[in-house]
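What follows is a single structure, written as structure tokens, with notes after it.
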Amino acid sequence: MRADRLMAILLLLQHREQVTAAEVARELEISERTARRDLDALGMAGVPVYSVQGRGGGWRLLGGARTDLSGLTAGEARALFLVAGPAAAVTPAVRAALRKLVRALPEPFRLQAEAAASSLVLDPQRWGSSRVEPRPPRFLDDLQDAVIRGVQVRLGYVDREGSQTERTVHPLGIVAKGPSWYLVSSTEAGRRTFRVDRVSSVDPTGDPVDRPDDFDLAESWREIADEVDRMRTPVEARAVCAPHAVGVLRMGFGGRLVVGGATADGRIDVVIRGNDEYKLAGELAGLVDWIEVTGPPAVRDHLASIGGTLVERYGSDRHGRGTAER
């Protein structure tokens, strides 16, 4: 919090040129004594701030020094505020920081940045789904702080079977996957991923994190996500489909579909992953007009069985009454 206040005071000085301790106290909702101490701390940190004594006095930046973020282009300023507008899924702390940041923008960019912040609404809910917004996990802020400060934590964790464990981990990064949050860490057993909503306690040890020099959170998460996808969908069905059907398959299977090259007869090779052979066959059964499954044999056998059941139940009655009604 101290660093946040010092940054806020610096932005106030840049925006107003001169402030009093009382003004700083009101703006940041702190005592005047704390405001004076923070203003002194800015000077000790090397910021060229000085006090003007007497009536009409206050605190100023030496020579009117200011950082107006002139390195930002107009497009960059708009993009920054576009993703953190009133309807964006960002924390109150991020919004507060951006409100302070807009004061330091060059005047020509300020109005555009403020307009960008209110120009976009992101609604992640699908039609017909619940409007209940999931709350951030209890220890999310603590883990983010550990990642940023680069300190190890003693982590309490409850696995999916309900077993409680405790271990020391090296936090490397936080990832949001849909409504769920994950902690990527190094442990004695290698790199591990923990669901943040299953964390039961976080106790920073103060020891520094051993962070690999070549670690890249985005690349690491891609590897983790690919591995999880393979574990969740271990069965692969091979098929050929009509070229115009590839879009239909993409809509239906998303990342579980791998599109290959064209065959000699002009159709497209595809691979579709699923949880088990029977369920995958059930998903493919309604696509017979577009695809032909070539393997594995177990999936083809299930398709034949499903087809036989459909014919038996519905094929004998052309007027819409199934055999169960006879």
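Just so we're on the same page: first chain in the structure tokens is A, next is B, and so on; residues restart at 1 for each chain, and ligands are numbered from 1 in the order they show up.
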List the spatial neighbours of Arg222 (chain A) as a PDB file with C-alpha atoms, in the first residue's frame - criterion: any atom at most 12 Å away, only C-alpha atoms, same-chain residues fewer than 6 positions off excluded.
ATOM      1  CA  VAL A 175      -3.445 -17.875 -15.002  1.00  0.00           C
ATOM      2  CA  LYS A 177      -8.891 -20.050 -17.445  1.00  0.00           C
ATOM      3  CA  VAL A 184       1.863 -22.224 -11.792  1.00  0.00           C
ATOM      4  CA  ASP A 216       7.816 -17.880 -19.921  1.00  0.00           C
ATOM      5  CA  VAL A 228      -4.640 -31.326 -19.726  1.00  0.00           C
ATOM      6  CA  ASP A 229      -6.561 -31.510 -23.010  1.00  0.00           C
TER       7      ASP A 229
END
Checklist line | Residues near region 293-299 of chain A, cut-off 10 Å, only C-alpha atoms, skip fewer than 2 positions along chain, as a PyMOL selection string | finding: chain A and resi 235-241+269-272+276-282+284-285+287-288+291+301-305
Margin query: Excluding region 189-193 of chain A and its own-chain neighbours fewer than 2 positions away, which residues fall within 10 Å of it when counting only C-alpha atoms? Please give them as a PyMOL selection string.
Written below: chain A and resi 169-175+182-187+195-196+220-221+224
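Distances here use only C-alpha atoms; by that measure, the residue among A:Glu161, A:Leu12, A:Gly307, A:Thr168 closest to Glu188 (chain A) is A:Thr168.
Coordinates place CA of Ser201 (chain A) at a distance of 11.6 Å from CA of Pro137 (chain A).
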